[in-house]
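Colleague: Once you've had a glance at the structure underneath, I'll fire off some questions.
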Amino acid sequence: MLRKFIYGLSLLALLVIAGSYGYLRSKLPQRSGEISLPGLKSEVDVVFDEWAIPHIEAENELDAYRALGYLLAQERLFQLELMIRVAHGRLSEMLGEATLDVDRYFRTLGIQRYAKSYVEKNYRKNPPKITKALEAYLSGVNAFVATGSTPLEFTLLGIPKREYRIEDLVSISAYMSFTFSNAVQQDPLISHIQKKLGSSYLKDLALNWPQGDTQIKVSNKHADTDLELATLFTKMENVLSRIPPFFGSNSWVISGSRSKSGKVILANDPHIGFSAPSTWYEAHLKTPDWELYGHHLAGIPFAILGHNRRMAWGVTMLQNDDLDYYRERANPINPDQVWFRDHWEELKIIAETISVKGGEDYPLRVRISRHGPIINDVLESVEKTETQPVALAWEMLSNFENSTEQVFYELGHSASLSDSRAAVSKLHAPGLNINYGDAEGNIAWWGAARLVIRPAHVNSFVILDGASGKDEVLGYRDFSENPQSENPKSGILYNGNNQPGDTGSGLEAGYYAAEERAHRIGELLNPAKKSWTADEMQSIQLDTKNPRINNFRKHFLSVMSENSGRSEVFSNAAEVFKNWDGIHNIKAAGPTIFHRLFYHLSLGIFADEIEEKGTLVLLNVSLIDKSIPLLLNNPQSPWWDNVDTSDNRETQAEILGTAWINAVQSLEKDYGSNVNTWEWGRIHTLEIKHLLGRQKPLNMFFNIGPFPVPGSKGVVNQLRHKYGPKELKVSSGPSTRRVIDFGNPENSAGINPTGQAGYFFDQHYQNQTPLYLAGEYRKQRMNRKDILANKTSRLIFRP
């Protein structure tokens, strides 16, 4: 009897497993056979290579974009839906009260309002070829929505599929421009420091670019409230990390005079928050008169990164300051009025309702001044402590003439250097560094943005005066005055989100990354060398050396020596750190000691003045990386004194000594007394997470990793972590690595951190991860014979 019961139970289990397997397989994308696609003029032939990259051949461009929309949707529909929900402030509809603060913020920010207004007022001002391509792509997306399988995430979260609109695509574009995390965190923090501690404390913070640090070379031929505001965005990052934000990047291009092939070589690795599925959807589009291999964002039809046989471009964030806070002065009689210059102005009032899964609807009253939305109402603690309204002014949402769609469409169709220059000149926001190279031998870099002209007295890194009218934007630079360079004599152009050089009107204000990456790239791109290869460019992308470690370490030599007698652990830690070469490989203990020391040094310098939460804000923005060297070189800075000990003035040496002791003792506590086991890969790990993988046991299916990884923030291979008291979890890094040598453009090299697929059950969901972790690359195929030789399947779209 028992045997029969066990047999029956086993049979039932097999049937459940078989049924589950069949169900999961039904959700796989279709990559072979035929699909009828409404709106096509002619048949479209799609060949998938061994990495599931679609090579789309169509008789006309609109058919190619229509097919691309369908293919993207069947791989990444949930990714697209998630970005729209974040941008529109509609996460709580599917995730409940946990995301209410994020929804309140984005409803207040008003990306959806902007998108609707843009579509109504400016969308049709784009050239018809662009609007037709957008609409063809959208038609392809909606064709899959109508007839394709419902993605598993929609089913698990209980959200319906819906038809998408142009304003949804515009919203995605605007959300991906939401890359001012430094500004939204840093400005309130700096205002808090100025207000609480005084301007003397600002002198040793590198708000402006440190003198002597590496700049991008130009050659233009053509009360506590502020701290609450800052920490709000640190808290929000836990949710926003589900939609990968841009964090930085590297890009360089060398002329044929510097390469072994005699042709231009372009290298680019945009740094973005890691997520599963990956940020980019790669696709190769070809018609009888046009061809492009591109990296696409879900919901944006035009490649953000691209190349063909004639030209290539790469992007990094410019990091210019295009966001300001304004403190308004409210009418004490009518809180819905604010003063401007000589009169009261009515705030615009918008009533919003946020639906909350499993809870009651949340009413939100959005108030908007001439400067932008009032953000006090986003966070209750700010509302309770701030006596005056604070407005957020962001160029992206105040400028309806901005068309990122036109910029990238025209870049992808560029026929010359001048075509590409004309395309990037139309970009207003977000600010981007765009590197360019072509088969004719041209190389270029453009700082592409509508750059703000502010009054000379304005410090745009603090909250500005919204009432007097004295801090208002005066205008904008003409693109010809933007930092840029074309065909420099050196034959080398590079950047790592560092400060662009002065074009004649002073250095452009911004939230630029510290110089380490740019300095190291410039160091490695030896200007005397004239035989660079694509393989050597890949090696530079994988470099993990911090070039400024000696400048940091020299300040600790005496305190290490003084404390070596404390124990064998202190002696061994000092020896390892003194001999460390600055390279962040997974077996080295040097980087573990360095980053734990950096963490405790930061707490020692800043926590008494701005609390631990303010210090953690600093540790998440680039300001601290530029400021620590200044502080180390200025023992008289007021930051060295602990304000909590009024009867004693601490010295730099005391703070350095305490930081060293705390670092070593905490490492011994966490990892034992054998310093050689403090390996970087033990502490520095990467887990690429899916939204659903944040809930156990779904993490075992949807997440990828964790893995020990090399690199760090501040090195070329910038696998960037968030600081904390123990393990350092990597949150962002190279979202792709690309190298295009015009000596062989049909076989350029690239890699993806995960894979092309958006579905965990697909073999291409994480099949590139082993290559990525090993520092290897794969072909980005464009040669038809090569594509067919590596074909894994073929799909035909029919009218």
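Residues are named by chain letter and number: chains run A, B, ... in the order of the structure tokens, numbers start at 1 in each chain, and ligands are numbered from 1 in the order shown.
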Can you pull out every residue within 6 Å of range 507-515 of chain A, counting only C-alpha atoms, but drop anything in the same chain fewer than 2 positions away, and send it as a list in words?
Modeller: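 Returned residues: Thr214, Gln319, Asn320, Asp321, Asn497, Asn498, Gln499, Asp502, Arg517, Ala518, His519, Ser622, Asp625 and Lys626 of chain A.
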Colleague: What's around Ile443 in chain A at 10 Å? Count only C-alpha atoms, leave out sequence neighbours fewer than 4 positions away in its own chain, and write the answer as a list of chain:residue names.
Modeller: A:Trp252, A:Val253, A:Ile254, A:Ser255, A:Gly256, A:Val264, A:Ile265, A:Leu266, A:Met311, A:Ala312, A:Trp313, A:Leu417, A:Asn435, A:Tyr436, A:Gly437, A:Asp438, A:Ala439, A:Ser485, A:Glu486, A:Asn487, A:Pro488, A:Gly491, A:Ile492, A:Leu493
Colleague: Taking only range 290-354 of chain A into account, list the residues labelled strand (DSSP E or B) by DSSP (computed from the backbone), as number ranges by chain.
Modeller: A: 290-296, 305-307, 311-317, 320, 323-327, 330, 337-340, 343-346, 348-354
Colleague: Compile the contact shell of range 476-482 of chain A as a JSON list (two decimals) with C-alpha atoms, in the first residue's frame: residues with an atom at most 6 Å away, counting only C-alpha atoms, same-chain residues fewer than 2 positions apart removed.
Modeller:
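Printed below is around24.json as written:
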```
[["chain", "number", "residue", "atom", "x", "y", "z"],
["A", 222, "HIS", "CA", 33.28, 75.55, -34.59],
["A", 425, "SER", "CA", 24.12, 69.78, -31.60],
["A", 451, "LEU", "CA", 24.59, 74.51, -21.34],
["A", 452, "VAL", "CA", 23.11, 76.95, -18.85],
["A", 453, "ILE", "CA", 24.44, 80.49, -18.36]]
```
Colleague: Go through A:Val218, A:Leu100, A:Val730, A:Leu72 one by one, measure the shortest atom-to-atom distance of each to Ser139 in chain A using only C-alpha atoms, and give the residue with the smallest value.
Modeller: A:Leu72
Colleague: Need the shell around range 557-560 of chain A: protein/DNA/RNA residues with any atom at most 8 Å away, counting only C-alpha atoms. Skip same-chain ones fewer than 6 positions apart. Format as a ChimeraX atom specification?
Modeller: /A:570-571,574,578,653,656-657,660
Colleague: Leaving out Leu318 in chain A and any residue of its chain fewer than 2 positions from it, which residues lie within 12 Å of it when counting only C-alpha atoms, given as JSON, numbers by chain?
Modeller: {"A": [177, 179, 180, 216, 246, 247, 248, 249, 250, 251, 270, 315, 316, 320, 321, 322, 427, 428, 429, 430, 431, 432, 433, 434, 435, 445, 446, 447, 448, 449, 450, 451, 482, 483, 484, 495, 496, 497, 498, 499, 500, 508, 509, 510, 511, 512, 513]}
Colleague: Please identify all polymer residues within 9 Å of Glu135 in chain A, counting only C-alpha atoms, omitting same-chain residues fewer than 6 positions from it, and present them as a PDB file with N, CA, C and O atoms, in the first residue's frame.
Modeller:
```
ATOM      1  N   LEU A  62      10.967  51.335 -42.442  1.00  0.00           N
ATOM      2  CA  LEU A  62       9.817  51.235 -41.552  1.00  0.00           C
ATOM      3  C   LEU A  62       9.516  49.778 -41.214  1.00  0.00           C
ATOM      4  O   LEU A  62       9.168  49.450 -40.075  1.00  0.00           O
ATOM      5  N   TYR A  65      12.040  48.719 -38.530  1.00  0.00           N
ATOM      6  CA  TYR A  65      11.700  49.195 -37.195  1.00  0.00           C
ATOM      7  C   TYR A  65      10.466  48.489 -36.632  1.00  0.00           C
ATOM      8  O   TYR A  65      10.367  48.246 -35.417  1.00  0.00           O
ATOM      9  N   ARG A  66       9.519  48.149 -37.497  1.00  0.00           N
ATOM     10  CA  ARG A  66       8.338  47.425 -37.035  1.00  0.00           C
ATOM     11  C   ARG A  66       8.737  46.045 -36.493  1.00  0.00           C
ATOM     12  O   ARG A  66       8.274  45.611 -35.434  1.00  0.00           O
ATOM     13  N   ARG A 165       1.639  53.777 -26.044  1.00  0.00           N
ATOM     14  CA  ARG A 165       1.463  55.006 -26.812  1.00  0.00           C
ATOM     15  C   ARG A 165       2.802  55.734 -26.969  1.00  0.00           C
ATOM     16  O   ARG A 165       3.753  55.441 -26.245  1.00  0.00           O
ATOM     17  N   ILE A 166       2.825  56.688 -27.856  1.00  0.00           N
ATOM     18  CA  ILE A 166       4.046  57.472 -28.070  1.00  0.00           C
ATOM     19  C   ILE A 166       4.492  58.145 -26.785  1.00  0.00           C
ATOM     20  O   ILE A 166       5.696  58.207 -26.480  1.00  0.00           O
TER      21      ILE A 166
END
```
Colleague: What's the 10 Å shell around range 693-695 of chain A, counting only C-alpha atoms, without same-chain residues fewer than 5 positions away, as a list in words?
Modeller: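 So the residues in contact are Arg242, Ala276, Ile688, Met700, Phe701, Phe702, Asn703 and Ile704 of chain A.
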Colleague: For the selection just defined, write its residues with N, CA, C and O atoms to a file, as a short mmCIF file (atom, residue, chain, number, x, y, z; two decimals), in the first residue's frame.
Modeller:
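And here's out00.cif as it stands now:
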```cif
data_model
loop_
_atom_site.label_atom_id
_atom_site.label_comp_id
_atom_site.auth_asym_id
_atom_site.auth_seq_id
_atom_site.Cartn_x
_atom_site.Cartn_y
_atom_site.Cartn_z
N ARG A 242 16.30 48.97 -9.48
CA ARG A 242 15.61 47.96 -10.28
C ARG A 242 15.53 48.40 -11.74
O ARG A 242 15.32 47.59 -12.62
N ALA A 276 18.92 42.51 -14.26
CA ALA A 276 18.54 41.42 -15.15
C ALA A 276 17.08 41.64 -15.55
O ALA A 276 16.24 41.84 -14.67
N ILE A 688 23.66 40.11 -10.08
CA ILE A 688 22.82 40.87 -11.02
C ILE A 688 21.37 40.47 -10.75
O ILE A 688 21.00 39.31 -10.94
N MET A 700 16.76 32.48 -6.82
CA MET A 700 17.48 31.34 -7.41
C MET A 700 17.18 31.18 -8.88
O MET A 700 17.97 30.59 -9.63
N PHE A 701 16.06 31.71 -9.34
CA PHE A 701 15.67 31.58 -10.74
C PHE A 701 15.99 32.85 -11.54
O PHE A 701 16.47 32.77 -12.67
N PHE A 702 15.73 34.00 -10.97
CA PHE A 702 15.79 35.25 -11.72
C PHE A 702 17.14 35.97 -11.61
O PHE A 702 17.52 36.70 -12.52
N ASN A 703 17.85 35.79 -10.49
CA ASN A 703 19.11 36.52 -10.30
C ASN A 703 20.29 35.76 -10.89
O ASN A 703 20.23 34.55 -11.09
N ILE A 704 21.36 36.50 -11.16
CA ILE A 704 22.57 35.93 -11.73
C ILE A 704 23.72 36.24 -10.78
O ILE A 704 24.06 37.38 -10.53
#
```
Colleague: Using only C-alpha atoms, which residue out of A:Ala58, A:Val102, A:Leu109, A:Leu169 lies closest to Leu134 in chain A?
Modeller: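 The shortest atom-to-atom distance to Leu134 in chain A comes from A:Leu169.
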Colleague: Just the alpha helix (DSSP H) stuff from range 82-123 of chain A, please, per backbone DSSP, written as a ChimeraX atom specification.
Modeller: /A:82-88,92-95,100-109,111-121
